Structures are given as C-alpha cells and as structure tokens.
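Peer 1: Before I ask anything, let me first share the structure, which is written out below as structure tokens.
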Amino acid sequence: MAANSPSPLAGERTGQGGDCVTDGATDGMAEGLAAKDADRLAGSIAEVGRRLHQWARRSGAGLARVEFTDEAARRQVVAGLRQALAGEAIALYDIAFAPLAVDDRTPPATLGTRLADELLDRLRALPPGVVSLDDLAAALPPAPADLAAALYGFNLRREALAATAQRQIWWMPPHLATAFVQAVPDLASWFLVRLHLRETLPAPRARAAGTVADEMPGYIAIVAHAGDNGWRDADGRLDPATRRRLAADYAARYARGVRAGTAEVELAPLRERAVEILLVGGLADEAAALARQLAASAADASSASGEGSPPRAADGDRPADAALVGETSPASAAAAATASTRALDPVADELFRRLAWLAPAPIPALLLDAPVPVASEEAAAASPEALRAALVELERRALVRRTDDGESFVAHPDAQAASRRQQREEARQTTRDGVPPALRSALAWVKAAFVGDPQDARNWPRLKALAPHAETVAASADAAALAEPTGWLLNQLGLLLLANARHAEAEPLLRRALAITEASLGSEHPSIAVDLNNLAALLQETNRQSEAEPLMRRALAIDEASLGSDHPSVARDLNNLAQLLKATNRQSEAEPLLRRALAIDEASLGGEHPSVARELNNLAQLLQETNRLSEAEPLQRRALRIFSVSLGSEHPHTQIARKNTIRLLRALGRSEDEIDATLAAVLAG
Amino acid sequence: MLSPATTLDDAYQTLSPRPLLAADELAAFYCSQIDDLRGGRVVDRLALGLRRAHAGAPYKALLMGHAGVGKSTELARLAARVAGQFRVVRLSAGEHLDPISFQPFDLLLLMASEVARRTAQPVGEGGAGEAPGQAFLEDVVDWYARGEEVSTQRRESGAQAAAGAGPAAGDWWARALGFFAQVRGEMKYASVREERRVRYRLSRIDDLVQRVNRLLAQCNSLLRRASSHEWLFLFEDFDKAGISPERTQALFVTYGNVIREVDAHIVFTIPIALGYSSQANALPVPRDRQFVLPDTMVFDQQHRPHTLGRAAVRAVLGARLAPELFAAGQAERLVVASGGNLRNLFAMAANAADGALLRGAAQIEADDASGAIRQLRTDYERQLGESPYDQEIAGDGQRRPIAYESKANRLRSVYRGDAEAKIPDPVLYALLRARAVQEFNGERWFGVHPLVVDLLVQQRRLAPEIGGVVAGGSE
C-alpha cells in the first residue's frame with residue numbers, strides 16, 4: 001500500500017466514505033429513517049452550515065475542524081455562516097495563514113510553533129467571536145515528516161489555542177485532515193466539532209466562483225446571480241462600469257429586502273459585496289453614498305422592529321449608526337463606521353482618524369498623554385484632557401471600548417479599516433503625495449510615546465504595550481513612503497525585540513530600518529552606520545558572524561569617511577568589530593582595533609568617560625584570554641573605577657566590570673581577602 | 001458553567017477538552033471514582049511524599065501516562081492538595097523550552113529565573129514579598145553571562161541622557177528582569193544557539209547546579225519565612241508530541257545527575273515509552289517514585305462489561321450533562337464507545353447534543369448517539385491506516401511506514417491477551433499513540449479500544465463468539 005493511501009478499513013465497508021457527523025451509511029448498526037434523511041444532507045453545504053452555525057452562535061471558546069475538497073463550497077458555507085451570525089450580532093473574522101519567511105536552517109517544528117504563536121497573537125488581538133482559519137496547508141511544508149514536525153508545533157500550543165476568546169473553525173483539505181488525525185491525534189482530539197464538507201458546487205458555478213474569487217477575493221455569493229445579470233464581458237472579466245452597476249443593483253435589492261422584511265437572508269450579504277466592489281473599484285463617492293444608504297436602511301429596519309424612534313441599541317444610548325459597529329460583518333461595520341464618524345466633533349474625529357492607523361490591539365491610555373504634534377492653534381483641542389473627552393465620545397459611539405482594567409482601550413477593527421480606506425481616498429484627492437495627514441500625526445504621536453532605551457528592562461512594560469501600534473503605524477507609513485521617523489521607529493522596535501531575544505521578529509525590522517535610512521539619506525550617511533551596527537549585532541547574536549562582519553566593516557568605513565578617523569563613532573565601530581574578531585578567534589586582529597578605539601575615545605572624550613571604560617574592559621578581557629594577566633590588571637581596574645564613578649556602582653556595566661575584575665584577580669592567584677581589598681580600593685576611587 | 005448542563009444548548013459549556021486546573025473546576029467536575037478505579041492512588045502518594053519532604057530533602061517524582069489520560073488534571077489536584085505547604089511553579093517543556101534543542105542547563109536556568117521572579121512577588125500573590133539576595137541571583141547570572149563582556153553599543157535612544165546620571169535604585173533588579181527575559185528568549189530559540197557555547201556550558205553544568213541550589217535554598221528560606229511554604233515545581237509535557245525524544249532522554253538519562261542533584265521538589269511528566277525502555281533503570285528517580293496513570297476500563301480482561309469502570313465514566317459524564325438529556329441507554333452507549341477516554345466521551349456527547357438540537361429535540365436519542373459514535377469511529381479508522389507518521393525499521397535497515405497488516409495483527413493479539421503482544425516495539429507504540437490500544441492498570445494490561453474492536457469485526461479479523469457477537473465492541 002502506498003504511504004499516503006487511506007486506511008484499508010475504508011475499502012471494506014459499504015458506503016462508508018468519510019467522517020461527516022451525519023454520515024448515515026450503514027455499518028451494521030440499527031439506523032432509522034432520521035439517519036436516511038441525514039444521508040441526504042450528509043456533508044452538504046446546508047448541513048455543514050447548520051452544524052457550524054449551531055456551534056458558532058454560542059459564546060466562549062472552542063475548536064472545530066472541517067475537512068473540505070471544494071473551495072467554492074467552503075466559501076459558500078463561510079458566506080452563509082457570516083450572514084447568519086450577522087443577524088445575531090456575532091463577529092466572524094477571517095484569518096488566512098501565510099507562509100512564514102524562514103531560512104533553510106529553521107526546523108519544521110520551529111516553523112510550527114512560530115505559526116502557532118503568530119496565530120495566537122492574532123487571535124488575542126481580536127475581540128470575542130468566531131474565526132474562520134484558512135490556508136493552513138499553504139503555510140505548512142508538504143513532505144510528510146516535515147508536515148508532522150510542524151503540526152507538533154501546534155500541538156505544543158494547543159492549550160493556549162483552545163483558550164482564546166473565539167470559536168475557531170479550522171478548514172482542512174483532505175491531506176491535512178488525514179495528517180492531523182494520524183500525526184497529532186492528541187491535538188486532533190481537542191477539536192470537539194469535526195465535520196466533513198463533501199458537497200461540491202456544480203461545475204459552471206464553481207468555475208464562475210473561481211473567476212470571482214480571483215477578481216474579488218472573499219466574495220462568492222454574487223455568483224448565484226451571475227446568470228441573471230450577464231455581468232461578464234466577452235473575456236469573462238468584470239469591468240468597472242459593470243461593477244458599479246452590480247453594486248447599485250445589489251444595494252437596491254438589499255434595501256428592498258430589509259424594508260419588506262423578506263429575502264433578507266438571501267440579500268443581506270450583498271450589501272457587503274456592493275460596498276466592497278465599490279471600494280475595490282476606487283469609487284469613493286459611491287461607496288460613501290452607499291454606506292449612508294445602508295446605515296439608513298439598518299436604522300429603518302431597527303426602527304420598524306422597535307416601538308418607537310429614534311432607534312436605540314439594546315445596551316444603552318448608542319446612536320443607531322454606532323450600533324451597527326458592534327455587529328459582525330466587517331463591511332456592514334465599515335459602512336456604519338463611515339456614517340458614524342461623520343457625526344463626530346472635530347477632536348474626536350481627529351483622534352479616531354489617528355487611532356485608525358494603530359493595531360487592533362489594546363492601546364495603552366498613556367498614549368493620550370504623549371505630546372501631540374499639531375499646529376499651535378489646534379494645541380488646546382489636542383491636549384490630553386481634550387483627547388480623553390474625545391475618547392469618551394468615541395466610546396459612546398462604540399468606535400472604541402475600554403478594556404476591563406481601564407488601562408487601555410481597543411478601537412473597532414472594522415471601523416479602523418473603513419477609516420483608513422476613507423482617509424486614503426481623501427488624501428488621494430486633497431494632498432500632493434497622497435499621504436493621509438492623520439497617518440503622519442499617528443506616526444509622530446507614537447514616536448513621541450515610544451521613549452526610553454529599548455535595551456533597558458525598566459522601559460519594557462511601556463514599550464511592549466506600544467509595540468504593536470508602533471509596528472502597525474510604521475508599516476503603513478513605510479507603505480506610504482514616509483521615511484522618517486518610520487526608520488527610527490522600526491529600529492527601536494527591532495532593538496526592543498532583540499533585547500528580548502526575539503531575533504526572528506527583530507531581524508526584518510532592523511533590515512527595513514536600514515533600507516529606509518539608506519533610501520532617504522543615501523548610503524554614506526552616519527545613520528547608516530548605526531543601523532548597520534544594530535543589524536550586525538543581531539546577526540552576531542544568532543551565530544552569523546560571517547554575515548555580520550562585512551556590515552561592521554562597512555559601518556566603520558562610513559563613519560571614518562564622513563566623520564573623520566578620530567570620531568567617537570569610529571571608536572564604537574572599532575570596538576564592535578574587535579568583539580566580533582575576538583569571538584571568531586582572531587585576537588591578534590582584534591587587539592590593535594581595541595587599542596585604536598581606546599586612543600580615540602581618550603583623546604576625544606577624556607580619560608574618565610564610560611566609553612573609555614568600555615574599551616579598557618574589553619581590551620583587558622582580550623589580554624586575559626591571551627594569557628597576559630599582569631598587563632590586563634591595571635586596565636581592568638581602571639575600567640571598573642571609571643564605570644563606578646560615571647555610572648554608579650549598581651549600573652549593569654559596573655557590575656560586569658566588577659565580575660571581570662574578580663575573575664582576573666582570581667586568575668592571578670589572589671586570595672579572596674586580597675580581592676575584596678582591591679575592589680574596595682578601586683571603588684573608593 | 002460549573003454545574004451539569006441541563007439543556008442541550010448549554011452542553012458545550014461543560015464539555016471542554018481542557019484539563020481541570022482551577023479549584024472550582026476540580027470541585028465541580030472531578031470524579032474521584034476514576035482515581036479509585038485506577039488504583040495506586042497516585043496523587044495521594046505524591047502528596048504524602050511531598051508532605052514528608054517539606055523542609056527536608058527534596059522530593060522528586062516522575063509521572064507517566066498515555067495521551068488524554070488526565071495527567072495535567074491529576075497534577076492540578078496535587079497542587080490543590082499540597083497548597084498548604086507548597087507554592088507551585090508550573091512549567092511546560094513545550095511552552096517554556098525549545099522543544100527540539102533544550103539542554104539540561106536550560107532547565108536549571110528556567111527554574112532559577114522563575115523561582116527568583118516569583119519569590120519577589122508580594123505574599124498575597126504567592127511570593128515571599130522579597131527578592132532573593134542580589135549575590136545569590138548574580139551568582140547564576142554570572143554563570144550565564146560568563147565570557148560575555150561589555151561589547152556592542154547600539155543605536156542610542158531617548159534614554160541616552162540617563163547614562164552618567166549616577167546610580168539608580170533597583171538597577172540590579174532591572175538587570176535581573178533582563179536576565180529573566182533573556183533566559184526565556186534563549187530557551188525558545190535554543191535551536192540557533194552556538195554549538196560551541198552549548199558545549200562550554202555543559203562542561204560547567206555542575207557549577208551551575210551548585211549556584212542554582214544556593215539560589216533555590218534562599219528562595220525557599222524566604223518563602224518559608226513569609227508563609228511557611230516551599231516551592232514545588234511541576235514540570236510537564238516532556239511526553240507531548242513535538243518534544244524531542246532524544247533531548248528528553250538526554251535530560252533524564254545522560255544528565256540524570258543534574259536532576260538528582262538539584263535541590264528542589266519537582267514532579268516531571270515524562271514519556272511512558274521512556275519508562276518502559278531499557279533506559280528505565282537509569283532514570284534519576286527511584287522506582288517507587290515513578291508513577292503511571294492508567295486508562296479507565298469499560299471492559300475487563302475477558303471483554304465483559306466492567307461495571308465499576310462504566311460507572312466511573314458515567315459519573316464523569318453526569319457531572320457535565322444532566323441525566324435527563326439522554327434518552328434511555330444512550331449515555332451508556334457513549335460511555336462504552338469512549339473506551340473510558342474522556343476526550344472521546346466529550347467529543348461524542350457534544351456531537352450528539354448538536355445533532356439532537358438540530359432535530360429540534362430536547363434529548364439525545366439513539367440516532368444522535370449513533371451519529372456521534374460513527375464519527376469517532378471514522379477518526380479511528382483513519383488513524384489506523386498506513387501512515388507516513390508511524391514508521392519502523394524494515395529488514396533492509398530502511399525506515400518504512402508500518403503496514404496496516406502489522407497493526408491489525410497486533411490488535412488481534414492484544415485483544416486475545418497474548419503475552420508477547422505487550423512487548424514494546426514501534427507497532428505497539430503507534431497503536432498506543434493512536435489510542436487504539438489502551439493500558440489499564442499500570443501492570444501492563446493492554447486492551448483494544450471498543451471502536452477499534454468494531455472495525456476489526458467489520459473486517460472479519462475478529463470472529464464472533466457465543467451468540468454471534470464479538471465482545472468488547474461499542475454495540
């Protein structure tokens with residue numbers, strides 16, 4: 001039997017083809033008529049959709065796995081589920097796995113844990129609801145042994161995955177579903193819901209679905225109406241005019257459906273399609289008009305179902321437009337958000353525009369206290385007090401919500417997305433460079449809050465809380481070609497991750513920071529040398545000395561050329577390069593560099609500067625390694641004294657120099673009493 | 001929801017595959033009948049050993065059991081049982097270590113950093129309210145950082161002005177926090193660690209044990225003074241799929257002396273295969289402190305219904321779902337089909353409850369239970385097929401997937417109770433891993449899962465006996 005063939009058990013049974021929960025195939029057990037009915041529905045889009053809906057409409061966490069073979073059918077189930085949940089104010093989020101950028105040395109098991117950790121990060125950033133997880137197979141290695149190892153990585157995170165606030169639906173093509181139960185049965189047993197979607201869409205519709213999926217990712221229900229509208233041109237493609245006509249058509253149908261109280265189930269998803277089509281087509285005015293129309297439709301519907309007006313959300317005095325934001329479908333929330341933000345006062349509007357560029361994760365309230373970069377006439381309105389009042393206004397409109405501890409708040413992710421789209425569209429029409437002004441403000445705002453040395457553990461609580469937002473706004477700024485302070489922010493983020501030994505995450509940020517600095521300042525600017533040093537430090541820490549060395553040498557060359565050969569930055573570069581040479585057993589090459597660095601710093605900074613102590617310490621260590629202990633001693637003692645005097649006895653650098661001094665004195669054969677006396681003498685100055 | 005669900009719509013709230021970790025969950029859902037049935041009273045014995053060891057020699061034990069048997073839940077019970085004398089530090093090999101590259105010194109550094117961090121926490125939060133002495137912690141940090149010097153200077157940030165501003169209070173603790181973070185980070189990325197550094201550290205591991213022991217002693221002393229407690233480490237998941245068996249064996253056998261010499265109360269969960277291997281005698285813990293948690297049986301060795309076993313599993317189900325949610329006989333069917341495996345049981349019950357709800361019914365009827373049983377049986381069917389993930393070394397020395405025929409023959413042999421069926425080899429481990437074979441009393445009594453018996457019957461690999469029925473199946 002081939003290695004991947006199904007169980008031989010399957011072949012010996014009659015009509016038993018898989019693992020759908022309602023599979024009614026006979027197996028010798030007593031079955032009733034109900035089972036025959038179930039047979040008819042087994043694995044159908046309707047049945048799987050009902051099962052998922054039954055499960056997803058509940059609160060809390062949970063794991064479901066659904067095997068499927070037909071992508072169009074899968075999309076149809078998701079679309080139906082989204083529609084059904086939307087009516088129950090339950091959010092359905094889509095997460096698509098993407099292959100991670102890993103090098104050849106990354107073991108498959110590590111790939112699995114990283115994918116799982118990344119998924120956990122994304123889930124933890126989402127509010128409670130339902131998540132549809134797709135494309136896992138594309139992110140995993142195909143070879144069975146590697147696939148198993150990667151799945152083991154998920155197994156190691158199973159408790160954490162099962163404990164997030166969402167019900168997760170894991171979509172699995174057959175080979176992955178088989179690997180799941182065979183390679184990681186422990187993990188598979190954590191999925192209490194196990195379904196098999198067998199139905200495939202009829203071929204013409206499936207083909208049409210594929211076409212639409214390519215042109216409008218994520219939107220499939222339109223296909224059901226494709227034949228009615230004749231929307232495809234001779235080449236089978238959509239043109240902008242057709243999209244516009246379709247959008248208007250569907251919007252009108254949707255509105256009719258709501259008012260009549262009929263056909264809503266069928267037409268509700270179409271409003272999403274309509275909005276999305278317009279946005280995809282870049283038709284901002286139509287999108288805005290439609291958003292208003294949809295919000296009004298929803299308000300009408302809400303009003304019609306209630307006893308009085310104006311319509312109110314059930315849990316308070318949120319305006320009707322805001323009530324939609326708490327709903328589930330991203331597009332309806334986007335539409336409502338667009339309408340809702342128009343009613344904001346200027347400060348709240350500006351605040352939300354800025355928040356739109358941050359991550360869909362808890363935003364620390366301390367950000368409101370950061371200096372806001374605005375023109376002087378707007379300064380009063382942008383004071384922390386004004387911003388806090390604006391935050392209350394946003395909260396009232398359900399555009400943000402406070403976290404339980406009150407220390408942070410979360411912006412509605414769909415409203416954020418809608419605001420970003422709107423801002424980009426406005427900027428295209430009103431600014432020369434197409435960069436939304438609030439993006440610049442948000443970038444400067446986060447930079448102002450991102451203070452403190454990222455390598456100092458005392459700053460970590462603050463910086464870690466800001467990190468997802470810094471990364472998100474920097475990514476948008478980078479995409480908008482804003483060089484600074486994007487490069488600075490990416491660099492600080494990279495250093496924060498590096499200090500926390502999150503090398504894999506730090507590396508792309510440090511590389512990007514370098515690329516941005518290089519693009520904006522040219523390849524010979526001293527800032528390039530700083531970025532090169534940082535990246536080289538990461539490479540060195542991850543055992544890639546051969547990659548680090550040319551970067552360090554380039555940093556040295558840049559600083560020597562631009563600042564002169566006696567500049568302290570050159571001394572820093574020499575020191576760094578010397579450490580790398582020492583780590584690669586090239587002490588004889590390292591020593592002259594360290595001596596030169598020492599001479600430069602002594603000449604330019606004076607003999608008592610901590611940088612001088614740094615070089616003295618490192619030179620003493622090199623001398624100790626090459627068995628020149630007597631020569632090392634005065635240098636080490638002097639390093640300790642300078643650090644102690646300039647940084648204080650408790651500073652980490654002083655402590656390291658102290659330890660190094662003790663080791664050296666022990667190597668010299670001094671007794672503990674003599675060592676204590678020496679240390680006391682040195683520290684006494 | 002901490003009481004049995006009384007409606008089918010609430011069933012999902014009480015049917016969770018998660019171990020019972022919190023005290024209120026244990027109180028609501030744990031059924032002592034399971035523990036009684038297993039024999040050995042593992043938690044009682046562990047608790048007794050720990051109580052005797054309080055303020056004395058460190059107590060170390062190994063806990064083994066097949067997947068899903070409830071090891072984490074039993075450890076949570078242990079933690080609750082000894083809460084008056086011990087503060088528990090729960091660590092996971094999968095979560096806290098690099099699963100494929102961890103080293104013995106990682107374990108020590110992780111323990112040191114965790115115990116120091118937690119000792120410093122306020123008494124009300126389970127700590128001693130006082131950080132361990134700087135010298136003790138720096139003793140460990142120094143070992144870790146040895147050979148590291150002040151080296152690279154990176155891009156300065158806004159904090160640059162602080163340099164030269166003089167000493168700041170708590171600097172050493174800030175450094176300690178940095179050390180904790182660095183240790184945690186390094187554990188996770190151990191696979192990119194320099195081999196030279198690993199060798200160097202291993203050569204100095206005895207020194208690290210002594211330093212960690214001094215720190216542990218101080219942390220225990222502080223905790224005893226603050227609340228009369230000592231630290232207890234529960235180090236789990238060395239038996240999880242994904243943890244390198246080679247690294248686990250190195251830790252518990254090659255570097256077993258590290259575990260012997262570290263002065264801490266620790267319970268490890270280790271792979272049962274290691275306990276059954278030829279290396280078992282080299283494990284760093286005496287036999288009387290190696291415990292096996294067996295599965296819960298629903299049949300006896302002669303394939304007759306095991307009344308007590310079924311009652312125990314039924315009690316577990318009753319703690320989660322009210323009896324009136326089942327039509328007559330249906331709960332029992334699920335109990336039998338689960339083979340005593342609780343995750344199986346919960347998956348089937350959840351499935352059957354949803355089936356009933358979709359029919360608009362208020363009770364799980366025969367069709368709902370049948371559907372759930374069929375679904376789980378199909379999972380077993382798929383697991384048992386020839387798979388690239390279950391391999392053995394063939395006669396030509398090459399690794400090959402285990403043929404289905406080999407699995408089926410072994411299943412038949414286990415079913416018959418043949419003595420040689422118990423001899424561990426890749427086939428038996430594959431079947432144990434798939435939960436097709438279960439181990440019941442900690443004395444090498446193996447049995448075949450009822451749903452797998454069903455499958456063997458359908459294949460005519462097991463012949464009907466008296467009355468035309470093969471005993472031990474789900475129906």
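Letters A, B, ... mark the chains of the structure tokens in the order given; residue numbers begin at 1 per chain; ligand numbers begin at 1, in order shown.
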Could you name the residues that touch Asp239 (chain B) at 10 Å or less, counting only C-alpha atoms, but leaving out those on the same chain fewer than 3 positions away, as a list of chain:residue names?
Peer 2: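 Near Asp239 (chain B), the qualifying residues are B:Leu63, B:Met64, B:Gly65, B:His66, B:Ala67, B:Ala93, B:Gly94, B:Glu236, B:Gly242, B:Ile243, B:Ser244, B:Pro245, B:Thr248, B:Phe268, B:Thr269, B:Ile270, B:Pro271, B:Ile272, B:Ala273, B:Leu274.
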Peer 1: So that I can check the surroundings of Leu232 (chain B), please list as a CSV table (one decimal) with N, CA and C atoms, in the first residue's frame every protein, DNA and RNA residue that reaches within 6 Å of it, counting only C-alpha atoms and ignoring chain neighbours fewer than 5 positions away.
Peer 2:
```csv
chain,number,residue,atom,x,y,z
B,86,PHE,N,3.0,24.1,50.0
B,86,PHE,CA,3.9,24.4,48.8
B,86,PHE,C,3.2,25.4,47.9
B,87,ARG,N,4.1,26.3,47.4
B,87,ARG,CA,3.6,27.2,46.3
B,87,ARG,C,4.1,26.5,45.0
B,88,VAL,N,3.2,26.4,44.0
B,88,VAL,CA,3.5,25.6,42.8
B,88,VAL,C,4.0,26.5,41.7
B,265,HIS,N,11.9,20.4,45.0
B,265,HIS,CA,10.8,19.4,44.9
B,265,HIS,C,10.3,19.6,43.5
B,266,ILE,N,10.3,18.5,42.8
B,266,ILE,CA,9.8,18.5,41.4
B,266,ILE,C,9.1,17.2,41.0
```
Peer 1: Write out as a PyMOL selection string all residues of region 331-434 of chain B that backbone DSSP assigns to helix (DSSP H, G or I).
Peer 2: chain B and resi 331-338+342-358+366-384+404-416+419-422+426-433
Peer 1: Calculated over only C-alpha atoms, which of the candidates A:Ala116, A:Leu192, A:Ala599, A:Leu679 has the smallest distance to chain B?
Peer 2: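 Nearest to chain B: A:Leu192.
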Peer 1: Excluding region 200-209 of chain B and its own-chain neighbours fewer than 4 positions away, which residues fall within 9 Å of it when counting only C-alpha atoms? Please give them as an MDAnalysis selection string.
Peer 2: chainID B and resid 103:105 108:109 139:140 143:144 195:196 213:214 258 261:263
Peer 1: Take the selection from the previous step and output its residues with C-alpha atoms, as a short mmCIF file (atom, residue, chain, number, x, y, z; two decimals), in the first residue's frame.
Peer 2:
```
data_model
loop_
_atom_site.label_atom_id
_atom_site.label_comp_id
_atom_site.auth_asym_id
_atom_site.auth_seq_id
_atom_site.Cartn_x
_atom_site.Cartn_y
_atom_site.Cartn_z
CA GLN B 103 19.59 21.36 27.26
CA PRO B 104 19.85 20.45 30.94
CA PHE B 105 21.19 23.90 31.80
CA LEU B 108 18.12 24.91 35.61
CA LEU B 109 18.22 28.47 34.34
CA ASP B 139 25.79 34.01 41.10
CA VAL B 140 23.53 32.42 38.50
CA TRP B 143 27.42 31.73 35.25
CA TYR B 144 25.09 32.55 32.40
CA GLU B 195 27.25 24.76 19.44
CA ARG B 196 30.50 25.95 20.97
CA ASN B 213 20.91 25.19 44.57
CA ARG B 214 22.13 28.17 46.60
CA VAL B 258 21.56 17.11 37.23
CA GLU B 261 21.42 16.92 42.49
CA VAL B 262 19.16 19.91 42.10
CA ASP B 263 17.70 20.76 45.50
#
```
Peer 1: What's around Ala442 (chain A) at 8 Å? Count only C-alpha atoms, leave out sequence neighbours fewer than 6 positions away in its own chain, and write the answer as a PDB file with N, CA and C atoms, in the first residue's frame.
Peer 2:
```pdb
ATOM      1  N   ARG A 354      -6.619  59.102  13.784  1.00  0.00           N
ATOM      2  CA  ARG A 354      -5.273  58.701  14.182  1.00  0.00           C
ATOM      3  C   ARG A 354      -5.275  57.253  14.691  1.00  0.00           C
ATOM      4  N   LEU A 355      -6.275  56.939  15.497  1.00  0.00           N
ATOM      5  CA  LEU A 355      -6.357  55.577  16.036  1.00  0.00           C
ATOM      6  C   LEU A 355      -6.498  54.540  14.928  1.00  0.00           C
ATOM      7  N   TRP A 357      -4.872  54.148  12.444  1.00  0.00           N
ATOM      8  CA  TRP A 357      -3.579  53.671  11.946  1.00  0.00           C
ATOM      9  C   TRP A 357      -2.853  52.794  12.952  1.00  0.00           C
ATOM     10  N   LEU A 358      -3.487  52.575  14.110  1.00  0.00           N
ATOM     11  CA  LEU A 358      -2.867  51.711  15.114  1.00  0.00           C
ATOM     12  C   LEU A 358      -3.388  50.278  14.968  1.00  0.00           C
ATOM     13  N   VAL A 473       1.668  51.235  12.686  1.00  0.00           N
ATOM     14  CA  VAL A 473       1.714  52.563  12.068  1.00  0.00           C
ATOM     15  C   VAL A 473       2.977  52.696  11.222  1.00  0.00           C
TER      16      VAL A 473
END
```
Peer 1: Pick out the residues sitting within 10 Å of Ile675 (chain A), and hand them over as a PyMOL selection string; count only C-alpha atoms, and ignore anything fewer than 5 positions along from it in its own chain.
Peer 2: chain A and resi 661-666+669-670+680-681
Peer 1: Return as a list in words the full set of residues in region 274-388 of chain B whose backbone-based DSSP assignment is strand (DSSP E).
Peer 2: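 Put together, the selection reads Gln290, Phe291, Val292 and Leu293 of chain B.
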Peer 1: What's the 8 Å shell around Leu351 (chain A), counting only C-alpha atoms, without same-chain residues fewer than 3 positions away, as a ChimeraX atom specification?
Peer 2: /A:347-348,354-355,387,390-391
